[in-house]
Amino acid sequence: MLQIRNIFIDPATFLSPMAGLTDSVFRRLIKRLGGCGLVMTEFTSAEGLTRNSFKSQRMLFYHEEERPVTAQLFGADPHRLAEATRMVEDLGFDAIDLNLGCPAKKVVKGCGGSALLRETQLLEEILKAIRAAASIPFTVKIRAGWSETEIVALQVGKMAEDNGVEAITLHPRTRVQGFSGRADWSIIAELKAHVKIPVIGNGDIVSPEDAFRMRAETGCDGIMIGRGALSNPWIFRQIFEMDNGLPLTQPSVSDKYQLIKDYFQLLFEEEIPGPIGKMKQFASWFTHAIPFGASLRKSIYESTEESEVMAKIDQFFENSLPLADCELKT
């Protein structure tokens with residue numbers, strides 16, 4: 001368990017915010033599978049939120065069953081971020097997180113995300129503005145730095161701690177790396193050794209064994225998982241089971257079929273805009289773990305209606321489930 005002021009995160013595992021992916025539907029799906037201690041919204045533009053952008057407001061929709069839930073913001077204007085912080089508080093979020101890691105060109109061009117790792121004077125102004133505006137816990141998520149020659153995780157971590165940030169998540173890749181190469185976990189260990197606030201490790205966790213190894217190698221206080229949860233939504237439960245000496249959940253193909261149906265049903269219930277795009281996106285990640293999933297992905301991508309997607313999924317599993325179960329046993 002990890003405590004960040006008045007928030008008890010049990011177990012100390014976090015679902016990483018991912019643009020276009022970790023909406024309320026996906027967060028609830030993860031929560032219902034068990035083992036995930038805290039979820040975050042998709043990173044949300046402070047500029048858009050304070051200008052009453054419907055898209056930005058929609059990103060901050062959540063259900064009570066998601067708690068504890070953190071709203072993640074990005075931006076480069078201290079005043080806008082402070083105003084957005086007050087709006088987040090009014091919406092009842094448990095905490096607020098500032099994104100200092102996004103490598104996307106559009107975000108970086110506006111000096112948001114990982115660009116702020118190169119603008120430490122502005123970053124300090126932002127940290128002070130958010131801290132002054134927030135009465136709820138305030139955390140940040142960072143990368144190691146801009147490039148291999150500009151590793152600033154320790155400098156930024158100490159600055160964050162000095163300005164009232166209460167926990168820090170570190171993805172130890174640089175902005176230049178994007179998601180290529182390997183995450184350098186030694187940078188997490190170095191940060192943990194030099195700050196007193198909780199440090200959450202993130203990067204290259206695709207199995208429960210990876211989570212165990214990260215904690216052992218870095219001493220981090222918690223684990224955040226992003227892409228690993230897309231291909232294996234059961235990973236949080238499996239980490240909990242490993243930590244407690246329980247047999248690891250090994251989802252059957254039938255379990256995976258049910259999960260796909262549950263996800264799509266939630267999409268329809270919430271009336272999420274562009275559900276067919278979400279369905280295809282989810283399928284592109286999740287069906288990599290299903291035998292013969294390539295043929296299912298192809299048929300989904302070729303679909304033009306939501307009902308057609310579901311029909312093709314039902315047909316795939318009706319025809320392939322016995323073969324798939326056999327494949328898993330061999």
# chains A, B, ... in the order shown; residues from 1 in each chain; ligands from 1
$ residues_around --residues "range 107-112 of chain A" --least-positions-apart "3" --cutoff "10 Å" --atoms "only C-alpha atoms" --output "mmCIF file with N, CA and C atoms, in the first residue's frame"
data_model
loop_
_atom_site.group_PDB
_atom_site.id
_atom_site.type_symbol
_atom_site.label_atom_id
_atom_site.label_comp_id
_atom_site.auth_asym_id
_atom_site.auth_seq_id
_atom_site.Cartn_x
_atom_site.Cartn_y
_atom_site.Cartn_z
ATOM 1 N N SER A 45 -5.879 19.008 -21.778
ATOM 2 C CA SER A 45 -5.342 20.346 -21.997
ATOM 3 C C SER A 45 -5.943 21.363 -21.024
ATOM 4 N N LEU A 73 -3.331 16.869 -16.145
ATOM 5 C CA LEU A 73 -3.371 18.056 -16.987
ATOM 6 C C LEU A 73 -2.037 18.263 -17.699
ATOM 7 N N PHE A 74 -2.092 18.990 -18.811
ATOM 8 C CA PHE A 74 -0.860 19.458 -19.424
ATOM 9 C C PHE A 74 -1.075 20.879 -19.903
ATOM 10 N N GLY A 75 0.024 21.594 -20.058
ATOM 11 C CA GLY A 75 -0.041 22.972 -20.528
ATOM 12 C C GLY A 75 1.260 23.677 -20.217
ATOM 13 N N ALA A 76 1.330 24.957 -20.588
ATOM 14 C CA ALA A 76 2.551 25.729 -20.376
ATOM 15 C C ALA A 76 2.280 27.098 -19.770
ATOM 16 N N ASP A 77 1.017 27.395 -19.491
ATOM 17 C CA ASP A 77 0.645 28.694 -18.929
ATOM 18 C C ASP A 77 0.297 28.502 -17.450
ATOM 19 N N LEU A 98 0.429 16.564 -13.105
ATOM 20 C CA LEU A 98 0.916 17.378 -14.215
ATOM 21 C C LEU A 98 1.759 16.514 -15.138
ATOM 22 N N ASN A 99 1.417 16.511 -16.415
ATOM 23 C CA ASN A 99 2.148 15.724 -17.397
ATOM 24 C C ASN A 99 3.399 16.476 -17.850
ATOM 25 N N LEU A 100 4.564 15.876 -17.581
ATOM 26 C CA LEU A 100 5.849 16.415 -18.024
ATOM 27 C C LEU A 100 6.584 15.378 -18.857
ATOM 28 N N GLY A 101 5.821 14.488 -19.475
ATOM 29 C CA GLY A 101 6.459 13.398 -20.191
ATOM 30 C C GLY A 101 6.022 13.201 -21.620
ATOM 31 N N CYS A 102 4.872 13.744 -22.011
ATOM 32 C CA CYS A 102 4.363 13.483 -23.360
ATOM 33 C C CYS A 102 5.371 13.938 -24.410
ATOM 34 N N PRO A 103 5.744 13.039 -25.349
ATOM 35 C CA PRO A 103 6.715 13.407 -26.385
ATOM 36 C C PRO A 103 6.087 13.879 -27.688
ATOM 37 N N ALA A 104 4.749 13.912 -27.769
ATOM 38 C CA ALA A 104 4.071 14.230 -29.026
ATOM 39 C C ALA A 104 4.462 15.620 -29.536
ATOM 40 N N ALA A 115 8.525 19.013 -23.099
ATOM 41 C CA ALA A 115 9.230 20.251 -23.424
ATOM 42 C C ALA A 115 9.574 21.044 -22.172
ATOM 43 N N LEU A 116 8.746 20.915 -21.136
ATOM 44 C CA LEU A 116 8.994 21.669 -19.903
ATOM 45 C C LEU A 116 10.238 21.182 -19.158
ATOM 46 N N LEU A 117 10.735 19.994 -19.515
ATOM 47 C CA LEU A 117 11.969 19.517 -18.891
ATOM 48 C C LEU A 117 13.171 20.347 -19.331
ATOM 49 N N ARG A 118 13.004 21.105 -20.406
ATOM 50 C CA ARG A 118 14.066 21.999 -20.886
ATOM 51 C C ARG A 118 13.832 23.445 -20.446
ATOM 52 N N GLU A 119 12.671 23.706 -19.858
ATOM 53 C CA GLU A 119 12.302 25.065 -19.458
ATOM 54 C C GLU A 119 12.061 25.082 -17.953
ATOM 55 N N LEU A 122 10.288 28.189 -16.198
ATOM 56 C CA LEU A 122 8.842 28.169 -16.415
ATOM 57 C C LEU A 122 8.201 27.033 -15.638
ATOM 58 N N LEU A 123 8.846 25.879 -15.626
ATOM 59 C CA LEU A 123 8.301 24.734 -14.900
ATOM 60 C C LEU A 123 8.125 25.059 -13.425
ATOM 61 N N ARG A 175 12.742 12.162 -24.212
ATOM 62 C CA ARG A 175 11.778 12.583 -25.220
ATOM 63 C C ARG A 175 12.230 12.126 -26.608
#
$ residues_around --residues "range 88-92 of chain A" --least-positions-apart "2" --cutoff "12 Å" --atoms "only C-alpha atoms" --output "VMD selection string"
chain A and resid 41 44 to 46 49 to 50 56 to 64 67 to 73 81 to 86 94 to 97 130 133 to 138
$ write_last_selection --atoms "N, CA and C atoms" --output "short mmCIF file (atom, residue, chain, number, x, y, z; two decimals), in the first residue's frame"
data_model
loop_
_atom_site.label_atom_id
_atom_site.label_comp_id
_atom_site.auth_asym_id
_atom_site.auth_seq_id
_atom_site.Cartn_x
_atom_site.Cartn_y
_atom_site.Cartn_z
N THR A 41 -6.96 9.96 -15.60
CA THR A 41 -7.62 10.32 -16.85
C THR A 41 -6.59 10.40 -17.97
N THR A 44 -5.15 15.96 -20.21
CA THR A 44 -6.17 16.91 -20.62
C THR A 44 -5.58 18.31 -20.71
N SER A 45 -5.88 19.01 -21.78
CA SER A 45 -5.34 20.35 -22.00
C SER A 45 -5.94 21.36 -21.02
N ALA A 46 -5.09 22.02 -20.27
CA ALA A 46 -5.56 23.09 -19.38
C ALA A 46 -6.13 24.24 -20.20
N LEU A 49 -9.57 23.12 -21.39
CA LEU A 49 -10.51 23.03 -20.27
C LEU A 49 -10.98 24.41 -19.84
N THR A 50 -10.05 25.36 -19.74
CA THR A 50 -10.43 26.69 -19.27
C THR A 50 -11.13 27.51 -20.35
N SER A 56 -12.22 18.53 -24.03
CA SER A 56 -11.43 18.52 -22.79
C SER A 56 -12.30 18.17 -21.59
N GLN A 57 -13.50 18.73 -21.55
CA GLN A 57 -14.42 18.44 -20.45
C GLN A 57 -14.80 16.97 -20.44
N ARG A 58 -15.00 16.39 -21.62
CA ARG A 58 -15.38 14.98 -21.73
C ARG A 58 -14.28 14.07 -21.16
N MET A 59 -13.03 14.46 -21.33
CA MET A 59 -11.92 13.64 -20.85
C MET A 59 -11.92 13.53 -19.32
N LEU A 60 -12.59 14.46 -18.64
CA LEU A 60 -12.60 14.44 -17.18
C LEU A 60 -13.86 13.79 -16.61
N PHE A 61 -14.60 13.09 -17.46
CA PHE A 61 -15.76 12.33 -16.98
C PHE A 61 -15.27 11.07 -16.28
N TYR A 62 -15.83 10.76 -15.12
CA TYR A 62 -15.46 9.54 -14.41
C TYR A 62 -16.63 9.03 -13.59
N HIS A 63 -16.55 7.78 -13.16
CA HIS A 63 -17.55 7.15 -12.31
C HIS A 63 -16.97 6.95 -10.91
N GLU A 64 -17.83 6.89 -9.94
CA GLU A 64 -17.38 6.71 -8.56
C GLU A 64 -16.59 5.42 -8.37
N ARG A 67 -12.60 5.39 -8.19
CA ARG A 67 -11.78 5.97 -7.12
C ARG A 67 -10.83 4.94 -6.50
N PRO A 68 -9.63 5.49 -6.08
CA PRO A 68 -9.16 6.86 -6.25
C PRO A 68 -8.79 7.14 -7.69
N VAL A 69 -9.15 8.34 -8.16
CA VAL A 69 -8.93 8.71 -9.56
C VAL A 69 -8.27 10.09 -9.62
N THR A 70 -7.25 10.19 -10.45
CA THR A 70 -6.49 11.42 -10.61
C THR A 70 -6.77 12.04 -11.97
N ALA A 71 -6.89 13.36 -12.02
CA ALA A 71 -7.00 14.08 -13.28
C ALA A 71 -5.60 14.53 -13.70
N GLN A 72 -5.21 14.20 -14.93
CA GLN A 72 -3.91 14.64 -15.41
C GLN A 72 -4.08 15.80 -16.39
N LEU A 73 -3.33 16.87 -16.14
CA LEU A 73 -3.37 18.06 -16.99
C LEU A 73 -2.04 18.26 -17.70
N LEU A 81 -3.14 26.77 -15.96
CA LEU A 81 -3.03 25.52 -15.20
C LEU A 81 -3.60 25.67 -13.79
N ALA A 82 -3.41 26.82 -13.19
CA ALA A 82 -3.99 27.07 -11.87
C ALA A 82 -5.51 27.07 -11.95
N GLU A 83 -6.05 27.74 -12.98
CA GLU A 83 -7.51 27.76 -13.16
C GLU A 83 -8.05 26.36 -13.42
N ALA A 84 -7.34 25.60 -14.26
CA ALA A 84 -7.77 24.23 -14.55
C ALA A 84 -7.70 23.37 -13.30
N THR A 85 -6.73 23.63 -12.46
CA THR A 85 -6.61 22.89 -11.19
C THR A 85 -7.84 23.11 -10.32
N ARG A 86 -8.28 24.33 -10.22
CA ARG A 86 -9.49 24.63 -9.42
C ARG A 86 -10.72 23.95 -10.02
N ASP A 94 -9.67 13.02 -6.76
CA ASP A 94 -8.90 12.75 -5.55
C ASP A 94 -7.54 13.43 -5.58
N ALA A 95 -6.98 13.64 -6.78
CA ALA A 95 -5.66 14.26 -6.90
C ALA A 95 -5.53 14.86 -8.29
N ILE A 96 -4.48 15.64 -8.46
CA ILE A 96 -4.17 16.22 -9.77
C ILE A 96 -2.73 15.88 -10.13
N ASP A 97 -2.51 15.59 -11.41
CA ASP A 97 -1.18 15.23 -11.89
C ASP A 97 -0.82 16.12 -13.07
N ILE A 130 0.23 25.71 -9.53
CA ILE A 130 -0.68 24.59 -9.27
C ILE A 130 -0.75 24.30 -7.78
N ALA A 133 -2.97 26.66 -6.04
CA ALA A 133 -4.39 26.53 -6.40
C ALA A 133 -5.01 25.24 -5.87
N ALA A 134 -4.19 24.25 -5.57
CA ALA A 134 -4.71 22.92 -5.23
C ALA A 134 -4.71 22.67 -3.73
N SER A 135 -5.85 22.17 -3.24
CA SER A 135 -5.89 21.69 -1.85
C SER A 135 -5.83 20.16 -1.83
N ILE A 136 -6.05 19.52 -3.00
CA ILE A 136 -5.93 18.07 -3.11
C ILE A 136 -4.47 17.70 -3.40
N PRO A 137 -4.09 16.44 -3.23
CA PRO A 137 -2.72 16.03 -3.52
C PRO A 137 -2.31 16.35 -4.96
N PHE A 138 -1.06 16.72 -5.11
CA PHE A 138 -0.50 17.15 -6.40
C PHE A 138 0.70 16.27 -6.72
#
$ closest_atom_pairs --of "range 36-113 of chain A" --to "range 233-248 of chain A" --cutoff "12 Å" --atoms "only C-alpha atoms" --output "Markdown table"
| residue | atom | partner | partner_atom | distance |
| --- | --- | --- | --- | --- |
| A:Cys36 | CA | A:Phe236 | CA | 5.4 |
| A:Gly37 | CA | A:Phe236 | CA | 8.7 |
| A:Leu38 | CA | A:Phe236 | CA | 10.7 |
| A:Val39 | CA | A:Phe236 | CA | 11.6 |
$ atom_distance --atom1 "CA of Ala160 in chain A" --atom2 "CA of Leu230 in chain A"
29.7 Å
$ select_by_dssp --residues "range 27-198 of chain A" --states "strand (DSSP E)" --output "PyMOL selection string"
chain A and resi 38-40+44-45+69-74+95-100+138-145+167-174
$ closest_residue --among "A:Gln155, A:Thr218, A:Ser252, A:Ser24" --to "Leu267 in chain A" --atoms "only C-alpha atoms"
A:Ser24
$ residues_around --residues "range 222-229 of chain A" --least-positions-apart "3" --cutoff "9 Å" --atoms "only C-alpha atoms" --output "PyMOL selection string"
chain A and resi 1-2+11-18+30+169+171+198-207+211+214-215+219+232-236+285
$ select_by_dssp --residues "range 19-260 of chain A" --states "helix (DSSP H, G or I)" --output "ChimeraX atom specification"
/A:24-33,46-50,54-59,64-66,78-90,105-109,113-118,120-133,153-162,185-194,208-218,227-231,235-243,253-260
$ write_last_selection --atoms "C-alpha atoms" --output "mmCIF file, in the first residue's frame"
data_model
loop_
_atom_site.group_PDB
_atom_site.id
_atom_site.type_symbol
_atom_site.label_atom_id
_atom_site.label_comp_id
_atom_site.auth_asym_id
_atom_site.auth_seq_id
_atom_site.Cartn_x
_atom_site.Cartn_y
_atom_site.Cartn_z
ATOM 1 C CA SER A 24 -13.605 6.066 -18.263
ATOM 2 C CA VAL A 25 -14.669 2.851 -20.018
ATOM 3 C CA PHE A 26 -11.162 1.402 -20.088
ATOM 4 C CA ARG A 27 -10.415 2.569 -16.540
ATOM 5 C CA ARG A 28 -13.525 0.839 -15.195
ATOM 6 C CA LEU A 29 -12.672 -2.306 -17.115
ATOM 7 C CA ILE A 30 -9.252 -2.378 -15.422
ATOM 8 C CA LYS A 31 -10.724 -1.643 -12.000
ATOM 9 C CA ARG A 32 -13.267 -4.450 -12.323
ATOM 10 C CA LEU A 33 -10.547 -6.981 -13.163
ATOM 11 C CA ALA A 46 -5.561 23.087 -19.376
ATOM 12 C CA GLU A 47 -5.988 25.557 -22.234
ATOM 13 C CA GLY A 48 -8.914 23.612 -23.654
ATOM 14 C CA LEU A 49 -10.511 23.031 -20.273
ATOM 15 C CA THR A 50 -10.429 26.691 -19.271
ATOM 16 C CA PHE A 54 -16.284 19.989 -24.813
ATOM 17 C CA LYS A 55 -13.560 17.519 -25.784
ATOM 18 C CA SER A 56 -11.430 18.519 -22.786
ATOM 19 C CA GLN A 57 -14.416 18.437 -20.446
ATOM 20 C CA ARG A 58 -15.377 14.981 -21.730
ATOM 21 C CA MET A 59 -11.925 13.641 -20.846
ATOM 22 C CA GLU A 64 -17.379 6.712 -8.560
ATOM 23 C CA GLU A 65 -16.211 3.108 -8.956
ATOM 24 C CA GLU A 66 -12.942 4.420 -10.409
ATOM 25 C CA PRO A 78 0.835 28.864 -15.105
ATOM 26 C CA HIS A 79 -2.377 30.891 -14.838
ATOM 27 C CA ARG A 80 -4.342 28.519 -17.092
ATOM 28 C CA LEU A 81 -3.027 25.516 -15.199
ATOM 29 C CA ALA A 82 -3.989 27.066 -11.870
ATOM 30 C CA GLU A 83 -7.509 27.761 -13.157
ATOM 31 C CA ALA A 84 -7.769 24.233 -14.552
ATOM 32 C CA THR A 85 -6.614 22.889 -11.191
ATOM 33 C CA ARG A 86 -9.486 24.627 -9.421
ATOM 34 C CA MET A 87 -11.899 23.203 -12.002
ATOM 35 C CA VAL A 88 -10.543 19.700 -11.390
ATOM 36 C CA GLU A 89 -11.040 20.124 -7.645
ATOM 37 C CA ASP A 90 -14.621 21.243 -8.190
ATOM 38 C CA LYS A 105 5.171 16.992 -31.427
ATOM 39 C CA LYS A 106 1.886 18.885 -31.114
ATOM 40 C CA VAL A 107 2.185 19.040 -27.314
ATOM 41 C CA VAL A 108 5.910 19.794 -27.282
ATOM 42 C CA LYS A 109 5.469 22.569 -29.855
ATOM 43 C CA GLY A 113 4.630 17.732 -21.793
ATOM 44 C CA SER A 114 8.317 16.828 -21.970
ATOM 45 C CA ALA A 115 9.230 20.251 -23.424
ATOM 46 C CA LEU A 116 8.994 21.669 -19.903
ATOM 47 C CA LEU A 117 11.969 19.517 -18.891
ATOM 48 C CA ARG A 118 14.066 21.999 -20.886
ATOM 49 C CA THR A 120 12.965 24.688 -15.757
ATOM 50 C CA GLN A 121 12.299 28.322 -14.846
ATOM 51 C CA LEU A 122 8.842 28.169 -16.415
ATOM 52 C CA LEU A 123 8.301 24.734 -14.900
ATOM 53 C CA GLU A 124 8.981 26.066 -11.419
ATOM 54 C CA GLU A 125 6.441 28.853 -11.967
ATOM 55 C CA ILE A 126 3.894 26.227 -13.040
ATOM 56 C CA LEU A 127 4.572 24.009 -10.039
ATOM 57 C CA LYS A 128 4.120 26.954 -7.679
ATOM 58 C CA ALA A 129 0.899 28.038 -9.411
ATOM 59 C CA ILE A 130 -0.676 24.585 -9.270
ATOM 60 C CA ARG A 131 0.403 24.028 -5.666
ATOM 61 C CA ALA A 132 -1.131 27.356 -4.625
ATOM 62 C CA ALA A 133 -4.391 26.525 -6.400
ATOM 63 C CA ALA A 153 15.119 13.603 -13.709
ATOM 64 C CA LEU A 154 17.016 14.263 -10.490
ATOM 65 C CA GLN A 155 16.990 18.044 -10.908
ATOM 66 C CA VAL A 156 13.277 18.122 -11.756
ATOM 67 C CA GLY A 157 12.450 15.641 -8.990
ATOM 68 C CA LYS A 158 14.116 17.807 -6.353
ATOM 69 C CA MET A 159 12.444 20.925 -7.750
ATOM 70 C CA ALA A 160 9.071 19.190 -7.631
ATOM 71 C CA GLU A 161 9.623 18.101 -4.027
ATOM 72 C CA ASP A 162 10.723 21.613 -3.002
ATOM 73 C CA TRP A 185 15.536 1.784 -14.566
ATOM 74 C CA SER A 186 18.777 2.917 -12.884
ATOM 75 C CA ILE A 187 17.485 6.500 -13.223
ATOM 76 C CA ILE A 188 14.443 5.527 -11.131
ATOM 77 C CA ALA A 189 16.768 4.128 -8.451
ATOM 78 C CA GLU A 190 18.833 7.327 -8.473
ATOM 79 C CA LEU A 191 15.753 9.526 -8.094
ATOM 80 C CA LYS A 192 14.388 7.344 -5.289
ATOM 81 C CA ALA A 193 17.680 7.703 -3.422
ATOM 82 C CA HIS A 194 17.610 11.502 -3.552
ATOM 83 C CA PRO A 208 4.132 -9.399 -13.174
ATOM 84 C CA GLU A 209 7.735 -10.567 -13.082
ATOM 85 C CA ASP A 210 8.815 -7.223 -14.581
ATOM 86 C CA ALA A 211 7.009 -5.350 -11.797
ATOM 87 C CA PHE A 212 8.694 -7.474 -9.135
ATOM 88 C CA ARG A 213 12.095 -6.884 -10.750
ATOM 89 C CA MET A 214 11.587 -3.107 -11.040
ATOM 90 C CA ARG A 215 10.773 -2.809 -7.350
ATOM 91 C CA ALA A 216 13.776 -4.948 -6.420
ATOM 92 C CA GLU A 217 16.195 -3.013 -8.647
ATOM 93 C CA THR A 218 14.974 0.524 -7.950
ATOM 94 C CA ARG A 227 0.985 -0.330 -22.796
ATOM 95 C CA GLY A 228 1.390 -3.582 -20.848
ATOM 96 C CA ALA A 229 -2.188 -3.202 -19.614
ATOM 97 C CA LEU A 230 -3.519 -2.805 -23.151
ATOM 98 C CA SER A 231 -2.310 -6.205 -24.307
ATOM 99 C CA ILE A 235 -1.628 -7.692 -15.361
ATOM 100 C CA PHE A 236 -2.598 -5.738 -12.235
ATOM 101 C CA ARG A 237 -4.436 -8.715 -10.778
ATOM 102 C CA GLN A 238 -1.472 -10.952 -11.625
ATOM 103 C CA ILE A 239 0.938 -8.602 -9.811
ATOM 104 C CA PHE A 240 -1.295 -8.684 -6.744
ATOM 105 C CA GLU A 241 -1.442 -12.472 -6.911
ATOM 106 C CA MET A 242 2.336 -12.790 -7.241
ATOM 107 C CA ASP A 243 2.879 -10.429 -4.296
ATOM 108 C CA VAL A 253 -9.866 -17.434 -24.578
ATOM 109 C CA SER A 254 -13.466 -17.436 -23.298
ATOM 110 C CA ASP A 255 -12.466 -14.875 -20.641
ATOM 111 C CA LYS A 256 -10.932 -12.700 -23.343
ATOM 112 C CA TYR A 257 -14.045 -12.988 -25.482
ATOM 113 C CA GLN A 258 -16.152 -11.862 -22.538
ATOM 114 C CA LEU A 259 -13.818 -8.955 -21.839
ATOM 115 C CA ILE A 260 -14.109 -7.695 -25.413
#
$ closest_residue --among "A:Glu166, A:Glu148, A:Asp23, A:Glu308" --to "Asn6 in chain A" --atoms "only C-alpha atoms"
A:Glu166
$ atom_distance --atom1 "CA of Ile9 in chain A" --atom2 "CA of Gly35 in chain A"
10.6 Å
